[in-house]
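Working notes, beginning with the structure itself.
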Amino acid sequence: MKKLFAFLVLCLLSVSAFSQSGEWVELFNGENFDGWKISENPSSFTIVDKTIKVDGPRGHAFYDGPVGNHDFKNFELMVEVKTMPKANSGIFIHTEYQETGWPNKGHEIQVNQTHGDWRKTGSVYSFKDVKETFVEDGEWYTEHVIVKGNQVTVKVNGKVINEYDESKDRTGDLGTKKLSSGTIALQAHDPQSVIYYRSVKIKLLD
């Protein structure tokens with residue numbers, strides 16, 4: 001009986017994973033951090049009016065839930081985000097949970113309009129950077145990250161602002177800062193950076 005129950009659960013999970021492919025799925029439920037695992041300084045992440053408020057010392061909220069078994073390879077990620085003046089944040093892709101420090105695995109897609117760091121929103125951080133800004137602090141905008149094979153495309157409010165091809169834009173040993181597969185994470189950068197995320201949704205492409 002236990003084996004039959006386990007088999008049925010596995011079937012249901014398989015069906016659920018299949019149904020998620022090609023469909024937008026919201027990863028943040030607007031009520032709590034179910035499905036997320038926060039490192040280092042959990043108090044840097046709170047929920048205010050069904051929105052994630054990022055405000056405090058360094059920490060990262062890693063998606064750790066059931067969608068795609070939190071291991072994404074080819075996907076589209078769409079976040080609705082608002083930065084306050086001089087704020088810095090980031091969206092990590094193909095990463096994995098770590099208790100402290102900046103994530104060692106995967107890439108950071110920058111979130112920054114007016115922070116002192118010259119790498120602005122849409123940068124594939126330190127590998128293909130964007131110097132211009134396309135939105136203002138205090139306004140909601142969409143940051144759309146498309147990952148397919150060796151390529152990352154970043155759109156802001158529907159406009160392509162960065163295209164990164166790891167097979168062309170990088171040479172030599174890539175180490176762990178490369179495209180592979182993994183989860184996504186939202187960054188709390190420093191106590192002076194205040195950022196809001198009100199939607200974090202993903203579409204699995206494989």
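Numbering starts fresh at 1 for the residues of each chain in the structure tokens, the chains themselves are lettered A, B, ... in the order given, and ligands are numbered from 1 as they appear.
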Contacts of region 116-118 of chain A within 12 Å, only C-alpha atoms, excl. fewer than 5 positions in-chain, as a ChimeraX atom specification: /A:85-89,110-111,123,125-126,129-133,189,192-193
Tell me, which residues of region 28-173 of chain A carry DSSP strand (DSSP E or B), written as a compact mmCIF listing (two decimals) with all heavy atoms, in the first residue's frame?
```txt
# COMPACT_ATOMS: atom_id res chain seq x y z
N TRP A 36 10.67 29.32 -0.42
CA TRP A 36 11.90 30.11 -0.49
C TRP A 36 12.77 29.80 0.72
O TRP A 36 12.28 29.48 1.80
CB TRP A 36 11.58 31.60 -0.52
CG TRP A 36 10.86 32.02 -1.77
CD1 TRP A 36 9.51 31.90 -2.03
CD2 TRP A 36 11.43 32.61 -2.93
NE1 TRP A 36 9.22 32.37 -3.27
CE2 TRP A 36 10.38 32.83 -3.85
CE3 TRP A 36 12.73 32.99 -3.28
CZ2 TRP A 36 10.59 33.40 -5.11
CZ3 TRP A 36 12.95 33.56 -4.53
CH2 TRP A 36 11.89 33.75 -5.43
N LYS A 37 14.08 29.93 0.53
CA LYS A 37 15.04 29.71 1.61
C LYS A 37 15.98 30.91 1.62
O LYS A 37 16.65 31.19 0.63
CB LYS A 37 15.81 28.41 1.37
CG LYS A 37 16.69 27.97 2.52
CD LYS A 37 17.30 26.60 2.23
CE LYS A 37 18.14 26.11 3.40
NZ LYS A 37 18.74 24.77 3.10
N ILE A 38 16.01 31.62 2.75
CA ILE A 38 16.74 32.88 2.83
C ILE A 38 18.03 32.70 3.62
O ILE A 38 18.03 32.15 4.73
CB ILE A 38 15.87 33.98 3.47
CG1 ILE A 38 14.58 34.16 2.66
CG2 ILE A 38 16.64 35.30 3.53
CD1 ILE A 38 13.60 35.13 3.25
N PHE A 45 14.48 40.48 4.33
CA PHE A 45 13.35 40.21 3.44
C PHE A 45 12.06 40.17 4.27
O PHE A 45 11.92 39.36 5.18
CB PHE A 45 13.54 38.88 2.72
CG PHE A 45 14.71 38.85 1.77
CD1 PHE A 45 15.98 38.57 2.24
CD2 PHE A 45 14.54 39.11 0.42
CE1 PHE A 45 17.07 38.54 1.38
CE2 PHE A 45 15.62 39.09 -0.45
CZ PHE A 45 16.89 38.82 0.04
N THR A 46 11.13 41.06 3.94
CA THR A 46 9.83 41.06 4.60
C THR A 46 8.75 41.17 3.53
O THR A 46 9.03 41.46 2.36
CB THR A 46 9.70 42.24 5.59
OG1 THR A 46 9.93 43.47 4.89
CG2 THR A 46 10.69 42.10 6.73
N ILE A 47 7.51 40.93 3.94
CA ILE A 47 6.38 41.05 3.01
C ILE A 47 5.52 42.22 3.48
O ILE A 47 5.05 42.24 4.62
CB ILE A 47 5.58 39.75 2.95
CG1 ILE A 47 6.45 38.63 2.38
CG2 ILE A 47 4.33 39.93 2.08
CD1 ILE A 47 5.82 37.27 2.40
N VAL A 48 5.35 43.18 2.60
CA VAL A 48 4.55 44.38 2.88
C VAL A 48 3.53 44.54 1.76
O VAL A 48 3.90 44.68 0.59
CB VAL A 48 5.44 45.63 2.96
CG1 VAL A 48 4.60 46.86 3.21
CG2 VAL A 48 6.51 45.47 4.04
N THR A 51 3.91 42.29 -1.18
CA THR A 51 5.11 42.59 -1.96
C THR A 51 6.34 42.25 -1.13
O THR A 51 6.36 42.49 0.08
CB THR A 51 5.14 44.09 -2.33
OG1 THR A 51 4.01 44.38 -3.15
CG2 THR A 51 6.40 44.46 -3.07
N ILE A 52 7.36 41.69 -1.77
CA ILE A 52 8.61 41.43 -1.07
C ILE A 52 9.37 42.75 -0.95
O ILE A 52 9.69 43.39 -1.96
CB ILE A 52 9.49 40.41 -1.83
CG1 ILE A 52 8.77 39.06 -1.95
CG2 ILE A 52 10.84 40.24 -1.14
CD1 ILE A 52 9.48 38.07 -2.86
N LYS A 53 9.64 43.14 0.28
CA LYS A 53 10.47 44.33 0.52
C LYS A 53 11.87 43.85 0.90
O LYS A 53 12.04 43.08 1.85
CB LYS A 53 9.90 45.20 1.63
CG LYS A 53 10.72 46.46 1.88
CD LYS A 53 10.14 47.30 3.01
CE LYS A 53 10.95 48.58 3.22
NZ LYS A 53 10.41 49.39 4.34
N VAL A 54 12.86 44.32 0.16
CA VAL A 54 14.26 43.98 0.43
C VAL A 54 14.90 45.21 1.06
O VAL A 54 14.98 46.26 0.44
CB VAL A 54 14.99 43.59 -0.87
CG1 VAL A 54 16.41 43.15 -0.58
CG2 VAL A 54 14.24 42.48 -1.60
N ASP A 55 15.36 45.05 2.29
CA ASP A 55 15.85 46.22 3.03
C ASP A 55 16.70 45.72 4.19
O ASP A 55 16.18 45.30 5.22
CB ASP A 55 14.66 47.04 3.55
CG ASP A 55 15.08 48.27 4.35
OD1 ASP A 55 16.27 48.62 4.32
OD2 ASP A 55 14.19 48.87 4.98
N GLY A 59 21.98 39.38 2.01
CA GLY A 59 21.29 38.10 2.12
C GLY A 59 20.70 37.76 0.77
O GLY A 59 20.64 38.62 -0.12
N HIS A 60 20.28 36.53 0.61
CA HIS A 60 19.71 36.10 -0.67
C HIS A 60 18.53 35.18 -0.42
O HIS A 60 18.60 34.28 0.43
CB HIS A 60 20.77 35.39 -1.52
CG HIS A 60 21.88 36.30 -1.94
ND1 HIS A 60 22.96 36.57 -1.13
CD2 HIS A 60 22.06 37.01 -3.08
CE1 HIS A 60 23.77 37.41 -1.75
NE2 HIS A 60 23.25 37.69 -2.93
N ALA A 61 17.45 35.43 -1.13
CA ALA A 61 16.25 34.58 -1.06
C ALA A 61 16.29 33.64 -2.25
O ALA A 61 16.11 34.06 -3.40
CB ALA A 61 14.99 35.43 -1.08
N PHE A 62 16.56 32.38 -1.98
CA PHE A 62 16.67 31.35 -3.02
C PHE A 62 15.32 30.65 -3.16
O PHE A 62 14.72 30.23 -2.16
CB PHE A 62 17.71 30.31 -2.64
CG PHE A 62 19.13 30.82 -2.56
CD1 PHE A 62 19.59 31.46 -1.42
CD2 PHE A 62 20.00 30.65 -3.63
CE1 PHE A 62 20.89 31.92 -1.33
CE2 PHE A 62 21.30 31.11 -3.56
CZ PHE A 62 21.76 31.75 -2.41
N TYR A 63 14.87 30.48 -4.41
CA TYR A 63 13.66 29.69 -4.61
C TYR A 63 14.00 28.23 -4.33
O TYR A 63 14.97 27.67 -4.88
CB TYR A 63 13.10 29.84 -6.02
CG TYR A 63 11.87 28.99 -6.21
CD1 TYR A 63 10.69 29.31 -5.53
CD2 TYR A 63 11.90 27.84 -6.99
CE1 TYR A 63 9.57 28.49 -5.64
CE2 TYR A 63 10.78 27.04 -7.11
CZ TYR A 63 9.62 27.36 -6.43
OH TYR A 63 8.51 26.55 -6.53
N PHE A 72 16.33 24.85 -12.74
CA PHE A 72 15.92 25.35 -14.05
C PHE A 72 17.11 25.41 -15.00
O PHE A 72 18.19 25.85 -14.62
CB PHE A 72 15.32 26.75 -13.90
CG PHE A 72 14.33 26.88 -12.77
CD1 PHE A 72 14.49 27.85 -11.79
CD2 PHE A 72 13.23 26.03 -12.69
CE1 PHE A 72 13.58 27.98 -10.75
CE2 PHE A 72 12.32 26.15 -11.65
CZ PHE A 72 12.49 27.13 -10.68
N PHE A 75 14.61 28.62 -19.53
CA PHE A 75 13.40 29.19 -18.93
C PHE A 75 13.31 30.68 -19.24
O PHE A 75 14.25 31.31 -19.72
CB PHE A 75 13.42 29.00 -17.41
CG PHE A 75 14.58 29.67 -16.72
CD1 PHE A 75 14.48 30.97 -16.24
CD2 PHE A 75 15.78 29.00 -16.56
CE1 PHE A 75 15.54 31.60 -15.62
CE2 PHE A 75 16.86 29.62 -15.93
CZ PHE A 75 16.74 30.92 -15.47
N GLU A 76 12.14 31.23 -18.95
CA GLU A 76 11.94 32.67 -18.93
C GLU A 76 11.54 33.05 -17.51
O GLU A 76 10.72 32.38 -16.89
CB GLU A 76 10.84 33.09 -19.92
CG GLU A 76 11.18 32.81 -21.37
CD GLU A 76 10.15 33.37 -22.33
OE1 GLU A 76 9.62 34.47 -22.05
OE2 GLU A 76 9.86 32.71 -23.34
N LEU A 77 12.14 34.12 -17.02
CA LEU A 77 11.83 34.64 -15.69
C LEU A 77 11.36 36.07 -15.85
O LEU A 77 12.01 36.88 -16.50
CB LEU A 77 13.07 34.58 -14.80
CG LEU A 77 12.89 35.05 -13.36
CD1 LEU A 77 12.06 34.04 -12.57
CD2 LEU A 77 14.25 35.26 -12.70
N MET A 78 10.22 36.38 -15.26
CA MET A 78 9.67 37.73 -15.33
C MET A 78 9.45 38.24 -13.90
O MET A 78 8.69 37.63 -13.13
CB MET A 78 8.34 37.74 -16.09
CG MET A 78 7.70 39.10 -16.20
SD MET A 78 8.28 40.08 -17.59
CE MET A 78 7.44 39.22 -18.94
N VAL A 79 10.11 39.34 -13.55
CA VAL A 79 9.88 39.93 -12.24
C VAL A 79 9.33 41.34 -12.41
O VAL A 79 9.66 42.04 -13.37
CB VAL A 79 11.16 39.97 -11.38
CG1 VAL A 79 11.75 38.58 -11.20
CG2 VAL A 79 12.20 40.91 -11.97
N GLU A 80 8.47 41.73 -11.49
CA GLU A 80 8.03 43.11 -11.39
C GLU A 80 8.76 43.71 -10.19
O GLU A 80 8.65 43.21 -9.07
CB GLU A 80 6.51 43.19 -11.19
CG GLU A 80 5.73 42.71 -12.40
CD GLU A 80 4.23 42.82 -12.18
OE1 GLU A 80 3.79 43.75 -11.46
OE2 GLU A 80 3.50 41.98 -12.71
N VAL A 81 9.53 44.76 -10.44
CA VAL A 81 10.45 45.27 -9.43
C VAL A 81 10.42 46.79 -9.39
O VAL A 81 10.12 47.44 -10.40
CB VAL A 81 11.89 44.73 -9.71
CG1 VAL A 81 12.35 45.09 -11.11
CG2 VAL A 81 12.89 45.19 -8.68
N LYS A 82 10.72 47.33 -8.22
CA LYS A 82 10.84 48.78 -8.05
C LYS A 82 12.05 49.05 -7.17
O LYS A 82 12.18 48.49 -6.07
CB LYS A 82 9.57 49.36 -7.41
CG LYS A 82 9.65 50.85 -7.12
CD LYS A 82 8.30 51.42 -6.68
CE LYS A 82 7.86 50.89 -5.34
NZ LYS A 82 6.61 51.56 -4.87
N THR A 83 12.95 49.90 -7.64
CA THR A 83 14.11 50.30 -6.86
C THR A 83 13.87 51.68 -6.26
O THR A 83 13.27 52.54 -6.88
CB THR A 83 15.38 50.36 -7.72
OG1 THR A 83 15.16 51.24 -8.83
CG2 THR A 83 15.76 48.99 -8.25
N ASN A 88 20.63 48.83 -4.80
CA ASN A 88 21.29 47.80 -5.60
C ASN A 88 20.71 46.45 -5.21
O ASN A 88 20.54 46.16 -4.02
CB ASN A 88 22.81 47.83 -5.31
CG ASN A 88 23.62 46.98 -6.28
OD1 ASN A 88 23.12 46.02 -6.84
ND2 ASN A 88 24.88 47.34 -6.44
N SER A 89 20.39 45.66 -6.21
CA SER A 89 19.93 44.29 -5.97
C SER A 89 20.36 43.45 -7.18
O SER A 89 21.07 43.94 -8.07
CB SER A 89 18.42 44.25 -5.77
OG SER A 89 17.97 42.93 -5.48
N GLY A 90 19.93 42.22 -7.20
CA GLY A 90 20.26 41.36 -8.33
C GLY A 90 19.36 40.15 -8.34
O GLY A 90 18.74 39.79 -7.33
N ILE A 91 19.28 39.53 -9.51
CA ILE A 91 18.51 38.30 -9.71
C ILE A 91 19.51 37.25 -10.17
O ILE A 91 20.09 37.37 -11.26
CB ILE A 91 17.41 38.49 -10.76
CG1 ILE A 91 16.50 39.67 -10.39
CG2 ILE A 91 16.61 37.21 -10.95
CD1 ILE A 91 15.72 40.22 -11.56
N PHE A 92 19.73 36.24 -9.35
CA PHE A 92 20.69 35.20 -9.72
C PHE A 92 19.98 34.08 -10.47
O PHE A 92 18.85 33.71 -10.14
CB PHE A 92 21.37 34.64 -8.47
CG PHE A 92 22.43 35.55 -7.92
CD1 PHE A 92 22.08 36.61 -7.09
CD2 PHE A 92 23.77 35.37 -8.24
CE1 PHE A 92 23.05 37.47 -6.59
CE2 PHE A 92 24.74 36.22 -7.75
CZ PHE A 92 24.39 37.28 -6.92
N ILE A 93 20.66 33.55 -11.48
CA ILE A 93 20.14 32.42 -12.26
C ILE A 93 21.15 31.28 -12.24
O ILE A 93 22.35 31.52 -12.06
CB ILE A 93 19.83 32.84 -13.72
CG1 ILE A 93 21.10 33.34 -14.42
CG2 ILE A 93 18.73 33.89 -13.76
CD1 ILE A 93 20.93 33.58 -15.92
N HIS A 94 20.66 30.06 -12.41
CA HIS A 94 21.51 28.87 -12.42
C HIS A 94 22.40 28.82 -11.17
O HIS A 94 23.58 28.47 -11.24
CB HIS A 94 22.36 28.81 -13.69
CG HIS A 94 21.59 28.44 -14.91
ND1 HIS A 94 22.17 28.32 -16.16
CD2 HIS A 94 20.27 28.17 -15.10
CE1 HIS A 94 21.26 27.99 -17.05
NE2 HIS A 94 20.08 27.90 -16.42
N THR A 95 21.82 29.17 -10.03
CA THR A 95 22.58 29.22 -8.80
C THR A 95 22.13 28.12 -7.84
O THR A 95 21.28 27.28 -8.19
CB THR A 95 22.48 30.62 -8.15
OG1 THR A 95 23.47 30.75 -7.14
CG2 THR A 95 21.09 30.89 -7.60
N HIS A 107 24.97 33.14 -12.62
CA HIS A 107 25.13 34.54 -13.01
C HIS A 107 24.17 35.43 -12.25
O HIS A 107 23.05 35.02 -11.92
CB HIS A 107 24.87 34.72 -14.50
CG HIS A 107 25.99 34.23 -15.37
ND1 HIS A 107 27.27 34.72 -15.30
CD2 HIS A 107 26.00 33.30 -16.37
CE1 HIS A 107 28.03 34.13 -16.20
NE2 HIS A 107 27.30 33.26 -16.85
N GLU A 108 24.60 36.67 -12.03
CA GLU A 108 23.72 37.70 -11.47
C GLU A 108 23.26 38.62 -12.58
O GLU A 108 24.07 39.15 -13.34
CB GLU A 108 24.45 38.53 -10.41
CG GLU A 108 23.60 39.66 -9.85
CD GLU A 108 24.35 40.59 -8.92
OE1 GLU A 108 25.54 40.34 -8.65
OE2 GLU A 108 23.73 41.57 -8.46
N ILE A 109 21.96 38.82 -12.65
CA ILE A 109 21.38 39.82 -13.55
C ILE A 109 21.10 41.05 -12.69
O ILE A 109 20.30 41.00 -11.76
CB ILE A 109 20.09 39.30 -14.22
CG1 ILE A 109 20.30 37.89 -14.82
CG2 ILE A 109 19.62 40.29 -15.28
CD1 ILE A 109 21.40 37.79 -15.86
N GLN A 110 21.77 42.14 -13.02
CA GLN A 110 21.78 43.31 -12.15
C GLN A 110 20.43 44.03 -12.07
O GLN A 110 19.67 44.08 -13.04
CB GLN A 110 22.86 44.28 -12.65
CG GLN A 110 23.01 45.56 -11.87
CD GLN A 110 23.69 45.37 -10.52
OE1 GLN A 110 23.30 44.52 -9.73
NE2 GLN A 110 24.69 46.18 -10.25
N VAL A 111 20.17 44.61 -10.88
CA VAL A 111 19.03 45.48 -10.62
C VAL A 111 19.60 46.74 -9.97
O VAL A 111 19.97 46.71 -8.79
CB VAL A 111 18.00 44.80 -9.70
CG1 VAL A 111 16.86 45.77 -9.35
CG2 VAL A 111 17.44 43.53 -10.33
N ASN A 112 19.70 47.83 -10.73
CA ASN A 112 20.36 49.03 -10.21
C ASN A 112 20.17 50.18 -11.20
O ASN A 112 20.61 50.10 -12.33
CB ASN A 112 21.85 48.74 -10.00
CG ASN A 112 22.70 49.99 -9.85
OD1 ASN A 112 22.23 51.02 -9.40
ND2 ASN A 112 23.96 49.89 -10.24
N VAL A 124 24.61 41.26 -17.24
CA VAL A 124 25.02 39.93 -16.78
C VAL A 124 26.32 40.21 -16.03
O VAL A 124 27.37 40.35 -16.64
CB VAL A 124 25.21 38.95 -17.96
CG1 VAL A 124 25.67 37.59 -17.45
CG2 VAL A 124 23.92 38.81 -18.76
N LYS A 128 28.85 40.72 -19.18
CA LYS A 128 28.35 41.59 -20.25
C LYS A 128 27.48 42.65 -19.58
O LYS A 128 26.34 42.39 -19.21
CB LYS A 128 27.58 40.82 -21.31
CG LYS A 128 27.34 41.69 -22.55
CD LYS A 128 27.03 40.88 -23.80
CE LYS A 128 26.97 41.79 -25.02
NZ LYS A 128 26.64 41.02 -26.24
N TYR A 141 8.62 48.28 -12.86
CA TYR A 141 8.97 47.88 -14.22
C TYR A 141 9.15 46.37 -14.26
O TYR A 141 9.24 45.71 -13.22
CB TYR A 141 10.24 48.61 -14.70
CG TYR A 141 11.52 48.18 -14.01
CD1 TYR A 141 12.35 47.21 -14.57
CD2 TYR A 141 11.92 48.74 -12.80
CE1 TYR A 141 13.53 46.82 -13.95
CE2 TYR A 141 13.09 48.36 -12.18
CZ TYR A 141 13.89 47.40 -12.76
OH TYR A 141 15.06 47.01 -12.15
N THR A 142 9.18 45.82 -15.45
CA THR A 142 9.42 44.39 -15.60
C THR A 142 10.84 44.15 -16.08
O THR A 142 11.35 44.84 -16.97
CB THR A 142 8.44 43.74 -16.61
OG1 THR A 142 8.57 44.38 -17.88
CG2 THR A 142 7.01 43.86 -16.12
N GLU A 143 11.47 43.16 -15.46
CA GLU A 143 12.77 42.68 -15.90
C GLU A 143 12.57 41.23 -16.32
O GLU A 143 12.19 40.39 -15.50
CB GLU A 143 13.81 42.82 -14.80
CG GLU A 143 15.23 42.65 -15.30
CD GLU A 143 16.28 43.30 -14.38
OE1 GLU A 143 15.89 44.07 -13.46
OE2 GLU A 143 17.47 43.05 -14.59
N HIS A 144 12.79 40.97 -17.59
CA HIS A 144 12.45 39.70 -18.21
C HIS A 144 13.76 39.03 -18.66
O HIS A 144 14.48 39.58 -19.49
CB HIS A 144 11.53 39.97 -19.41
CG HIS A 144 11.00 38.76 -20.10
ND1 HIS A 144 10.21 38.85 -21.22
CD2 HIS A 144 11.14 37.42 -19.87
CE1 HIS A 144 9.89 37.64 -21.63
NE2 HIS A 144 10.45 36.75 -20.83
N VAL A 145 14.06 37.89 -18.08
CA VAL A 145 15.30 37.17 -18.35
C VAL A 145 14.97 35.88 -19.08
O VAL A 145 14.21 35.05 -18.57
CB VAL A 145 16.06 36.86 -17.05
CG1 VAL A 145 17.39 36.18 -17.36
CG2 VAL A 145 16.29 38.14 -16.23
N ILE A 146 15.54 35.70 -20.28
CA ILE A 146 15.29 34.51 -21.09
C ILE A 146 16.61 33.74 -21.21
O ILE A 146 17.62 34.29 -21.66
CB ILE A 146 14.78 34.90 -22.49
CG1 ILE A 146 13.52 35.76 -22.38
CG2 ILE A 146 14.49 33.64 -23.32
CD1 ILE A 146 13.12 36.44 -23.67
N VAL A 147 16.59 32.49 -20.78
CA VAL A 147 17.80 31.66 -20.79
C VAL A 147 17.55 30.46 -21.70
O VAL A 147 16.65 29.65 -21.45
CB VAL A 147 18.15 31.17 -19.37
CG1 VAL A 147 19.43 30.36 -19.39
CG2 VAL A 147 18.27 32.35 -18.41
N LYS A 148 18.35 30.37 -22.76
CA LYS A 148 18.25 29.25 -23.70
C LYS A 148 19.65 28.82 -24.09
O LYS A 148 20.39 29.58 -24.74
CB LYS A 148 17.48 29.65 -24.96
CG LYS A 148 16.00 29.94 -24.76
CD LYS A 148 15.32 30.28 -26.08
CE LYS A 148 13.85 30.58 -25.90
NZ LYS A 148 13.19 30.96 -27.18
N GLN A 151 22.73 31.20 -24.21
CA GLN A 151 22.33 32.59 -24.40
C GLN A 151 21.40 33.09 -23.30
O GLN A 151 20.52 32.38 -22.83
CB GLN A 151 21.65 32.75 -25.76
CG GLN A 151 22.57 32.40 -26.93
CD GLN A 151 21.88 32.53 -28.27
OE1 GLN A 151 20.68 32.27 -28.39
NE2 GLN A 151 22.63 32.93 -29.28
N VAL A 152 21.63 34.36 -22.93
CA VAL A 152 20.76 35.05 -21.98
C VAL A 152 20.33 36.36 -22.63
O VAL A 152 21.17 37.14 -23.08
CB VAL A 152 21.48 35.36 -20.66
CG1 VAL A 152 20.56 36.15 -19.72
CG2 VAL A 152 21.96 34.08 -19.98
N THR A 153 19.04 36.58 -22.68
CA THR A 153 18.48 37.84 -23.17
C THR A 153 17.78 38.53 -22.01
O THR A 153 17.04 37.89 -21.26
CB THR A 153 17.47 37.60 -24.32
OG1 THR A 153 18.13 36.93 -25.39
CG2 THR A 153 16.89 38.91 -24.82
N VAL A 154 18.03 39.82 -21.86
CA VAL A 154 17.39 40.58 -20.80
C VAL A 154 16.57 41.70 -21.42
O VAL A 154 17.07 42.48 -22.24
CB VAL A 154 18.42 41.18 -19.82
CG1 VAL A 154 17.69 41.88 -18.66
CG2 VAL A 154 19.35 40.11 -19.28
N LYS A 155 15.29 41.76 -21.02
CA LYS A 155 14.39 42.82 -21.47
C LYS A 155 13.94 43.65 -20.28
O LYS A 155 13.71 43.11 -19.19
CB LYS A 155 13.15 42.24 -22.16
CG LYS A 155 13.43 41.42 -23.41
CD LYS A 155 12.11 40.91 -24.00
CE LYS A 155 12.34 40.09 -25.25
NZ LYS A 155 11.04 39.63 -25.83
N VAL A 156 13.82 44.95 -20.48
CA VAL A 156 13.23 45.85 -19.48
C VAL A 156 11.99 46.48 -20.11
O VAL A 156 12.08 47.10 -21.18
CB VAL A 156 14.23 46.92 -19.04
CG1 VAL A 156 13.54 48.00 -18.22
CG2 VAL A 156 15.36 46.30 -18.21
N LYS A 159 11.62 45.74 -23.77
CA LYS A 159 12.68 46.14 -24.69
C LYS A 159 13.96 45.36 -24.40
O LYS A 159 14.42 45.32 -23.26
CB LYS A 159 12.96 47.64 -24.56
CG LYS A 159 14.10 48.15 -25.44
CD LYS A 159 14.36 49.63 -25.21
CE LYS A 159 15.53 50.12 -26.06
NZ LYS A 159 15.79 51.58 -25.85
N VAL A 160 14.55 44.76 -25.44
CA VAL A 160 15.80 44.04 -25.26
C VAL A 160 16.92 45.04 -24.97
O VAL A 160 17.17 45.96 -25.76
CB VAL A 160 16.15 43.21 -26.52
CG1 VAL A 160 17.54 42.57 -26.36
CG2 VAL A 160 15.11 42.13 -26.77
N ILE A 161 17.59 44.87 -23.83
CA ILE A 161 18.69 45.77 -23.48
C ILE A 161 20.04 45.06 -23.36
O ILE A 161 21.07 45.71 -23.28
CB ILE A 161 18.40 46.53 -22.17
CG1 ILE A 161 18.30 45.57 -20.99
CG2 ILE A 161 17.14 47.38 -22.29
CD1 ILE A 161 18.41 46.28 -19.64
N ASN A 162 20.02 43.73 -23.36
CA ASN A 162 21.27 42.99 -23.27
C ASN A 162 21.09 41.60 -23.84
O ASN A 162 20.08 40.95 -23.59
CB ASN A 162 21.73 42.89 -21.80
CG ASN A 162 23.20 42.52 -21.66
OD1 ASN A 162 23.95 42.45 -22.65
ND2 ASN A 162 23.66 42.30 -20.44
N GLU A 163 22.09 41.17 -24.60
CA GLU A 163 22.12 39.80 -25.12
C GLU A 163 23.51 39.24 -24.88
O GLU A 163 24.51 39.79 -25.36
CB GLU A 163 21.76 39.79 -26.61
CG GLU A 163 20.31 40.16 -26.88
CD GLU A 163 19.94 40.05 -28.35
OE1 GLU A 163 20.31 40.97 -29.12
OE2 GLU A 163 19.28 39.06 -28.72
N TYR A 164 23.56 38.16 -24.15
CA TYR A 164 24.83 37.54 -23.73
C TYR A 164 24.89 36.14 -24.33
O TYR A 164 23.95 35.35 -24.18
CB TYR A 164 24.88 37.49 -22.21
CG TYR A 164 25.97 36.65 -21.61
CD1 TYR A 164 27.30 37.04 -21.67
CD2 TYR A 164 25.66 35.46 -20.94
CE1 TYR A 164 28.30 36.27 -21.09
CE2 TYR A 164 26.64 34.69 -20.34
CZ TYR A 164 27.97 35.10 -20.42
OH TYR A 164 28.95 34.34 -19.84
N ASP A 165 25.99 35.83 -24.99
CA ASP A 165 26.21 34.50 -25.56
C ASP A 165 27.50 33.96 -24.95
O ASP A 165 28.59 34.42 -25.28
CB ASP A 165 26.32 34.58 -27.09
CG ASP A 165 26.38 33.19 -27.74
OD1 ASP A 165 26.88 32.25 -27.09
OD2 ASP A 165 25.94 33.07 -28.89
```
Near-Phe28 (chain A) list (10 Å; only C-alpha atoms; drop same-chain fewer than 3 positions) as a ChimeraX atom specification: /A:25,31-36,50-52,63,65,197-201
Same residues, C-alpha atoms, saved as a compact mmCIF listing (two decimals), in the first residue's frame:
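Below is the file that was written, result-v2.txt:
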```
# COMPACT_ATOMS: atom_id res chain seq x y z
CA VAL A 25 3.96 30.03 -12.85
CA GLU A 31 1.51 35.98 1.68
CA ASN A 32 4.68 34.33 2.97
CA PHE A 33 8.01 32.83 1.94
CA ASP A 34 6.78 29.29 1.44
CA GLY A 35 9.01 27.74 -1.22
CA TRP A 36 11.90 30.11 -0.49
CA LYS A 50 1.73 41.36 -0.75
CA THR A 51 5.11 42.59 -1.96
CA ILE A 52 8.61 41.43 -1.07
CA TYR A 63 13.66 29.69 -4.61
CA GLY A 65 9.97 25.14 -3.95
CA TYR A 197 9.44 42.71 -5.84
CA ARG A 198 5.72 42.11 -6.31
CA SER A 199 5.82 39.27 -8.84
CA VAL A 200 8.37 36.57 -9.60
CA LYS A 201 7.14 34.17 -12.25
```
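Note that the spacing between CA of Ala188 (chain A) and CA of Tyr97 (chain A) amounts to 14.4 Å.
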Atom pair CA of Asn41 (chain A) / CA of Thr183 (chain A): separation (Å): 19.1 Å
